[in-house]
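The next block holds one structure in the form of structure tokens; read it before the comments.
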Amino acid sequence: MRNRRVRTVFSFVGILATLVLLWEGYKAMGAATGGTWPFTDVELPIRTNERSMPHVWDIVSTLFSEAQRGRDELLVTVLLKAALFTFRSALIGFTVGSLVGFGLGVLFVRSGLAERGLMPYVVASQTVPVLAIAPILVVWSGRLDLPIWVPVGAISAYLAFYPVAISTLRGLRSPEATSSELMRSYAATPNQVLFKLQIPAAMPYLFPALKVAATASIIGAIVGELPAGIREGLGRAILSFASSFSSAPEKLFASVLVASLLGIVFVALVTLVERLTIPAGNRLDPNELAMAGQGGAA
Amino acid sequence: MNTLELTGITMVFNQGGANEVTALDGIDLSVAPGEFISLIGPSGCGKSTLLRLVGDLLSPTSGTAQVNSKTPHQARLDRDYGMVFQSATLLEWRRIAENVELPLEVMGVAKAQREATAREMLELVQLEKFSDHYPWQLSGGMQQRVAIARALSFKPSILLMDEPFGALDEMTRERMQMELLRIWEETNTTIVFVTHSIPEAVFLSTRVVVMSPRPGQISDVIDIDLPQPRVFETREDTRFFELLTKVRESLRKVEGEEPGA
Ligand SMILES: Nc1ncnc2c1ncn2[C@@H]1O[C@H](COP(=O)(O)OP(=O)(O)OP(=O)(O)O)[C@@H](O)[C@H]1O
Ligand SMILES: [Mg+2]
């Protein structure tokens, strides 16, 4: 276990170092050849100058320089505050979205009619661009005098509920037919089947979906902040650094780094809950699943 | 009063459809309390279907089934059956003892009582040391013993077993057979047991029901008049071999009707 954790850290650092090397290597190559593939006249797809691809150390050092001239707050502080703000909206969206998704999964497994009737809309909801939905929700909730975190949370939930609904349904349906027959032979009520068989069986399916929902809820929150005119979140920061990309590209890259860090932290939190909830033998993890399979194959 | 009374049971799947199958046709069978009945016959002759009809997992197309003088449905609601399938189907997220407790939990038995019963049942199948393990930590044979303990936990009057030892190796299988007979004697349960193994059917049963396919019918019922209790030496008895031959020939007739099967 310990050994594995060490290896996980090593591989994380290793991959990070590789990415940095690739980035800087590509830049160095471009500088050496004058922007073409070596020994050819074919231009590189992405320019390697400081504007398109700042040095990694420039991105890192901009994080630790002042955010704006004359203000002594560091960029990293500003971005982390913004990330925390966005995280709050995302958490609302994640929670609401997951509950709705889970509830839909339960509804669908209980009622074929509900599944046939509603599933097309559930699927269709994800093909509507969130960019279009976001301003609509903002305007609607403005009319209703709702606090501004409501539409942002709703947009975030809108993206988060889908993977949870689909995976919950799949998980609730995952018990073997013989398990359901056993429950039937005990004359179990539908609720007992749900709570003692279907929901526990759905757990290993639920957590991977929650990880997807976690990242989706962040995207939803960032996108939702823009039409809502929220200035404190990552959405605004990314937008304003994007508009000044040509003069200070490293700031946009820095905010991308912080946004992905937020995603990683969120997913790590979900993973932690998963570890605490599901015994190792029953986690939907390739290694452990293979082990469980060996034990279970009779 | 017979434990099981089947009269004129017919089961047609997908009736009227293109893939209509008559799985069972005119099944009559009476089983007295405390009997050990084996169903044997070629694949597809309707053994599982018959078991599932008795267990109210299916309803017959025609004919009547009586279980302890009730409809199978009422008998199921009264929790008269314990079921064991070829795969143990333990719930992976529950420890062994918790798996055994599952039916009791469903039936609303108090926790202390549940735990005591689970302990007793795991002793019966000699797995008391594994009560805190998870299913994947047990071998296939051990898992199957847990499944039996689970089926017995609520003291059903009938045990319906569908090839419960089908996936086990020969050694484990013989040990499990002895264990099942011991449990059968101790608990006084009526057992209906599906198997493909002639020696298993003869060794365990009081009667062997031979079935023929397309449509599934009972072609022969053979009394197994070996002395009780069955012991290891029973398998070396001349009478045991005679009965093996008798069942085998009965089965050959059944399969002989089906050229190329
Ligand atoms: N749910 C079902 N729908 C349609 N046909 C079925 C169904 N269940 C069983 N059958 C058919 O009924 C017949 C009997 O099946 P059954 O499973 O009872 O056979 P079996 O004797 O248990 O066979 P095996 O020894 O292979 O387990 C088969 O022809 C099978 O295809
Ligand atoms: Mg079968």
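By order in the structure tokens, chains are A, B, ...; within a chain, residues start at 1; ligands start at 1, following the order shown.
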> Please, which residues of chain B lie no more than 7 Å from chain A when the count uses only C-alpha atoms, and can they be set out as a list in words?
Replying inline: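 Output check: Arg76, Leu77, Arg79, Tyr81, Met83, Thr89, Glu92, Trp93, Pro103, Val106, Trp136, Gln137, Leu138, Ser139, Gly140, Ala167 and Leu168 of chain B.
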Produce a file of the selected residues containing all heavy atoms, as a CSV table (one decimal), in the first residue's frame.
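Contents of part_35.csv, as written:
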```csv
chain,number,residue,atom,x,y,z
B,76,ARG,N,-44.0,-18.4,-1.2
B,76,ARG,CA,-42.8,-17.5,-1.3
B,76,ARG,C,-43.0,-16.4,-0.3
B,76,ARG,O,-42.0,-16.0,0.4
B,76,ARG,CB,-42.7,-16.9,-2.7
B,76,ARG,CG,-41.5,-15.9,-2.8
B,76,ARG,CD,-41.3,-15.6,-4.3
B,76,ARG,NE,-42.4,-14.8,-4.9
B,76,ARG,CZ,-42.6,-13.5,-4.7
B,76,ARG,NH1,-41.7,-12.8,-4.0
B,76,ARG,NH2,-43.6,-12.9,-5.3
B,77,LEU,N,-44.2,-15.8,-0.2
B,77,LEU,CA,-44.4,-14.7,0.8
B,77,LEU,C,-44.2,-15.3,2.2
B,77,LEU,O,-43.8,-14.5,3.1
B,77,LEU,CB,-45.8,-14.2,0.6
B,77,LEU,CG,-46.1,-13.5,-0.8
B,77,LEU,CD1,-47.5,-12.9,-0.8
B,77,LEU,CD2,-45.1,-12.4,-1.1
B,79,ARG,N,-42.0,-17.3,3.0
B,79,ARG,CA,-40.6,-17.6,3.0
B,79,ARG,C,-40.4,-19.1,3.3
B,79,ARG,O,-39.6,-19.5,4.2
B,79,ARG,CB,-39.9,-16.8,4.1
B,79,ARG,CG,-39.5,-15.4,3.7
B,79,ARG,CD,-40.5,-14.4,4.2
B,79,ARG,NE,-40.1,-13.0,3.7
B,79,ARG,CZ,-40.4,-11.9,4.4
B,79,ARG,NH1,-41.0,-11.9,5.6
B,79,ARG,NH2,-40.1,-10.8,3.9
B,81,TYR,N,-39.1,-21.1,0.9
B,81,TYR,CA,-38.0,-21.6,0.1
B,81,TYR,C,-36.7,-21.0,0.5
B,81,TYR,O,-36.6,-19.8,0.7
B,81,TYR,CB,-38.1,-21.2,-1.4
B,81,TYR,CG,-39.5,-21.3,-2.0
B,81,TYR,CD1,-40.2,-20.2,-2.3
B,81,TYR,CD2,-40.0,-22.5,-2.2
B,81,TYR,CE1,-41.4,-20.3,-2.9
B,81,TYR,CE2,-41.3,-22.7,-2.8
B,81,TYR,CZ,-42.0,-21.5,-3.1
B,81,TYR,OH,-43.2,-21.6,-3.7
B,83,MET,N,-33.0,-20.8,-1.7
B,83,MET,CA,-32.6,-21.1,-3.1
B,83,MET,C,-31.0,-21.0,-3.1
B,83,MET,O,-30.4,-20.1,-2.6
B,83,MET,CB,-33.1,-20.0,-4.0
B,83,MET,CG,-34.6,-20.1,-4.1
B,83,MET,SD,-35.1,-19.3,-5.7
B,83,MET,CE,-36.6,-20.2,-6.0
B,89,THR,N,-23.4,-16.1,-6.0
B,89,THR,CA,-24.0,-14.8,-6.0
B,89,THR,C,-24.1,-14.1,-4.6
B,89,THR,O,-25.1,-13.8,-4.1
B,89,THR,CB,-25.5,-14.7,-6.6
B,89,THR,OG1,-26.3,-15.7,-5.9
B,89,THR,CG2,-25.4,-15.0,-8.1
B,92,GLU,N,-20.9,-8.6,-3.0
B,92,GLU,CA,-19.5,-8.4,-2.8
B,92,GLU,C,-19.1,-7.3,-1.7
B,92,GLU,O,-18.0,-7.3,-1.2
B,92,GLU,CB,-18.9,-7.8,-4.2
B,92,GLU,CG,-18.9,-8.8,-5.3
B,92,GLU,CD,-17.9,-9.9,-5.1
B,92,GLU,OE1,-16.9,-9.7,-4.3
B,92,GLU,OE2,-18.0,-11.0,-5.7
B,93,TRP,N,-20.1,-6.5,-1.5
B,93,TRP,CA,-19.8,-5.4,-0.5
B,93,TRP,C,-20.1,-5.8,0.9
B,93,TRP,O,-20.0,-5.0,1.9
B,93,TRP,CB,-20.6,-4.1,-0.9
B,93,TRP,CG,-22.0,-4.3,-1.0
B,93,TRP,CD1,-22.9,-4.2,0.0
B,93,TRP,CD2,-22.8,-4.7,-2.1
B,93,TRP,NE1,-24.2,-4.5,-0.4
B,93,TRP,CE2,-24.1,-4.8,-1.8
B,93,TRP,CE3,-22.4,-5.0,-3.5
B,93,TRP,CZ2,-25.1,-5.2,-2.7
B,93,TRP,CZ3,-23.4,-5.3,-4.4
B,93,TRP,CH2,-24.7,-5.4,-4.0
B,103,PRO,N,-31.0,-12.4,4.2
B,103,PRO,CA,-32.5,-12.8,4.2
B,103,PRO,C,-33.1,-12.4,5.6
B,103,PRO,O,-34.3,-11.9,5.6
B,103,PRO,CB,-32.5,-14.3,4.0
B,103,PRO,CG,-31.1,-14.7,3.9
B,103,PRO,CD,-30.2,-13.6,3.9
B,106,VAL,N,-33.9,-8.8,5.6
B,106,VAL,CA,-35.1,-8.5,4.8
B,106,VAL,C,-36.4,-8.9,5.6
B,106,VAL,O,-37.4,-8.2,5.5
B,106,VAL,CB,-35.1,-9.3,3.4
B,106,VAL,CG1,-36.4,-9.2,2.7
B,106,VAL,CG2,-34.0,-8.7,2.6
B,136,TRP,N,-14.7,-12.1,-2.1
B,136,TRP,CA,-13.6,-12.3,-3.0
B,136,TRP,C,-12.4,-12.9,-2.3
B,136,TRP,O,-11.4,-13.3,-3.0
B,136,TRP,CB,-13.3,-11.1,-3.8
B,136,TRP,CG,-13.0,-9.9,-2.9
B,136,TRP,CD1,-14.0,-9.0,-2.5
B,136,TRP,CD2,-11.8,-9.4,-2.4
B,136,TRP,NE1,-13.5,-8.0,-1.7
B,136,TRP,CE2,-12.1,-8.2,-1.7
B,136,TRP,CE3,-10.5,-9.8,-2.5
B,136,TRP,CZ2,-11.1,-7.5,-1.0
B,136,TRP,CZ3,-9.5,-9.1,-1.8
B,136,TRP,CH2,-9.8,-7.9,-1.1
B,137,GLN,N,-12.4,-13.0,-1.0
B,137,GLN,CA,-11.3,-13.6,-0.3
B,137,GLN,C,-11.5,-15.1,-0.1
B,137,GLN,O,-10.7,-15.7,0.5
B,137,GLN,CB,-11.1,-12.9,1.1
B,137,GLN,CG,-10.8,-11.4,0.9
B,137,GLN,CD,-10.8,-10.7,2.2
B,137,GLN,OE1,-11.8,-10.7,3.0
B,137,GLN,NE2,-9.7,-10.0,2.6
B,138,LEU,N,-12.6,-15.6,-0.6
B,138,LEU,CA,-12.9,-17.0,-0.4
B,138,LEU,C,-12.9,-17.8,-1.7
B,138,LEU,O,-13.1,-17.2,-2.8
B,138,LEU,CB,-14.4,-17.2,0.2
B,138,LEU,CG,-14.5,-17.2,1.7
B,138,LEU,CD1,-14.0,-16.0,2.3
B,138,LEU,CD2,-15.9,-17.5,2.1
B,139,SER,N,-12.6,-19.1,-1.7
B,139,SER,CA,-12.6,-19.9,-2.9
B,139,SER,C,-14.0,-20.1,-3.3
B,139,SER,O,-14.9,-19.9,-2.6
B,139,SER,CB,-11.9,-21.2,-2.6
B,139,SER,OG,-12.7,-22.0,-1.8
B,140,GLY,N,-14.1,-20.6,-4.6
B,140,GLY,CA,-15.4,-20.9,-5.1
B,140,GLY,C,-16.3,-21.9,-4.2
B,140,GLY,O,-17.4,-21.6,-4.0
B,167,ALA,N,-20.0,-26.1,-10.4
B,167,ALA,CA,-18.7,-25.4,-10.7
B,167,ALA,C,-17.5,-25.8,-9.9
B,167,ALA,O,-16.5,-25.3,-9.9
B,167,ALA,CB,-18.9,-23.9,-10.6
B,168,LEU,N,-17.8,-26.9,-9.0
B,168,LEU,CA,-16.7,-27.2,-8.1
B,168,LEU,C,-15.9,-28.4,-8.6
B,168,LEU,O,-16.4,-29.3,-9.4
B,168,LEU,CB,-17.4,-27.6,-6.7
B,168,LEU,CG,-18.2,-26.5,-6.1
B,168,LEU,CD1,-18.8,-27.0,-4.8
B,168,LEU,CD2,-17.5,-25.2,-6.0
```
> Excluding same-chain residues fewer than 6 positions from Val267 (chain A), what lies within 8 Å of it counting only C-alpha atoms, as a PyMOL selection string?
Replying inline: chain A and resi 211+214-215
> Per DSSP on the backbone, what are the helix (DSSP H, G or I) residues of region 72-238 of chain B, as a count of residues only?
Replying inline: 81
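Across B:Ser250, B:Ser48, B:Thr117, B:Gln217, the tightest approach to ligand 2 is made by B:Ser48 when counting only C-alpha atoms and all ligand atoms.
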> Could you pull the residues within 10 Å of Arg248 (chain B), counting only C-alpha atoms, minus those fewer than 6 positions along the same chain, as a list in words?
Replying inline: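 In the requested form, the answer reads Ile198, Pro199, Val210, Glu242 and Val254 of chain B.
Summary of the local environment: counting only C-alpha atoms, residues at most 12 Å from Lys253 (chain B), other than itself and those fewer than 4 positions away along its chain, are Gly41, Pro42, Val210, Met211, Ser212, Pro213, Ser219, Asp220, Lys246, Val247, Arg248, Glu249, Glu257, Glu258 and Pro259 of chain B.
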>> Please find the residues contacting ligand 1 at a distance of at most 7 Å between atoms, with only C-alpha atoms and all ligand atoms counted, and report them as a PyMOL selection string.
In response: chain B and resi 13-14+21-23+41-50+196
Go ahead and dump the residues you just picked, N, CA, C and O atoms, as a compact mmCIF listing (two decimals), in the first residue's frame.
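So again.txt came out as:
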```txt
# COMPACT_ATOMS: atom_id res chain seq x y z
N PHE B 13 -42.83 -20.80 -23.21
CA PHE B 13 -42.24 -19.46 -23.29
C PHE B 13 -42.60 -18.82 -24.62
O PHE B 13 -42.71 -19.50 -25.64
N ASN B 14 -42.77 -17.51 -24.62
CA ASN B 14 -43.08 -16.73 -25.83
C ASN B 14 -44.26 -17.32 -26.59
O ASN B 14 -44.19 -17.55 -27.79
N VAL B 21 -41.35 -21.78 -27.16
CA VAL B 21 -40.69 -22.98 -26.65
C VAL B 21 -41.60 -23.62 -25.61
O VAL B 21 -42.04 -22.95 -24.68
N THR B 22 -41.90 -24.90 -25.79
CA THR B 22 -42.61 -25.61 -24.72
C THR B 22 -41.54 -26.22 -23.83
O THR B 22 -40.94 -27.23 -24.15
N ALA B 23 -41.29 -25.56 -22.72
CA ALA B 23 -40.21 -26.00 -21.84
C ALA B 23 -40.65 -27.18 -20.97
O ALA B 23 -39.85 -28.06 -20.66
N GLY B 41 -31.34 -34.74 -16.33
CA GLY B 41 -31.79 -34.83 -17.72
C GLY B 41 -30.91 -33.97 -18.60
O GLY B 41 -30.18 -33.11 -18.10
N PRO B 42 -31.00 -34.19 -19.90
CA PRO B 42 -30.13 -33.44 -20.81
C PRO B 42 -30.38 -31.94 -20.73
O PRO B 42 -31.45 -31.50 -20.31
N SER B 43 -29.41 -31.19 -21.17
CA SER B 43 -29.50 -29.74 -21.13
C SER B 43 -30.72 -29.25 -21.91
O SER B 43 -30.99 -29.74 -23.00
N GLY B 44 -31.45 -28.34 -21.32
CA GLY B 44 -32.61 -27.77 -22.00
C GLY B 44 -33.90 -28.55 -21.78
O GLY B 44 -34.91 -28.23 -22.40
N CYS B 45 -33.88 -29.55 -20.90
CA CYS B 45 -35.09 -30.34 -20.71
C CYS B 45 -36.03 -29.68 -19.70
O CYS B 45 -37.11 -30.21 -19.43
N GLY B 46 -35.64 -28.55 -19.13
CA GLY B 46 -36.57 -27.80 -18.30
C GLY B 46 -36.39 -27.97 -16.81
O GLY B 46 -37.28 -27.61 -16.03
N LYS B 47 -35.23 -28.45 -16.38
CA LYS B 47 -34.99 -28.64 -14.94
C LYS B 47 -35.05 -27.30 -14.19
O LYS B 47 -35.75 -27.17 -13.19
N SER B 48 -34.29 -26.34 -14.71
CA SER B 48 -34.28 -25.02 -14.04
C SER B 48 -35.66 -24.40 -14.08
O SER B 48 -36.11 -23.79 -13.11
N THR B 49 -36.33 -24.54 -15.22
CA THR B 49 -37.68 -23.98 -15.36
C THR B 49 -38.60 -24.57 -14.30
O THR B 49 -39.35 -23.84 -13.65
N LEU B 50 -38.52 -25.88 -14.09
CA LEU B 50 -39.37 -26.53 -13.10
C LEU B 50 -39.08 -25.98 -11.70
O LEU B 50 -39.99 -25.66 -10.93
N HIS B 196 -26.35 -32.54 -13.13
CA HIS B 196 -26.03 -33.26 -14.36
C HIS B 196 -25.24 -34.52 -14.04
O HIS B 196 -24.89 -35.27 -14.94
```
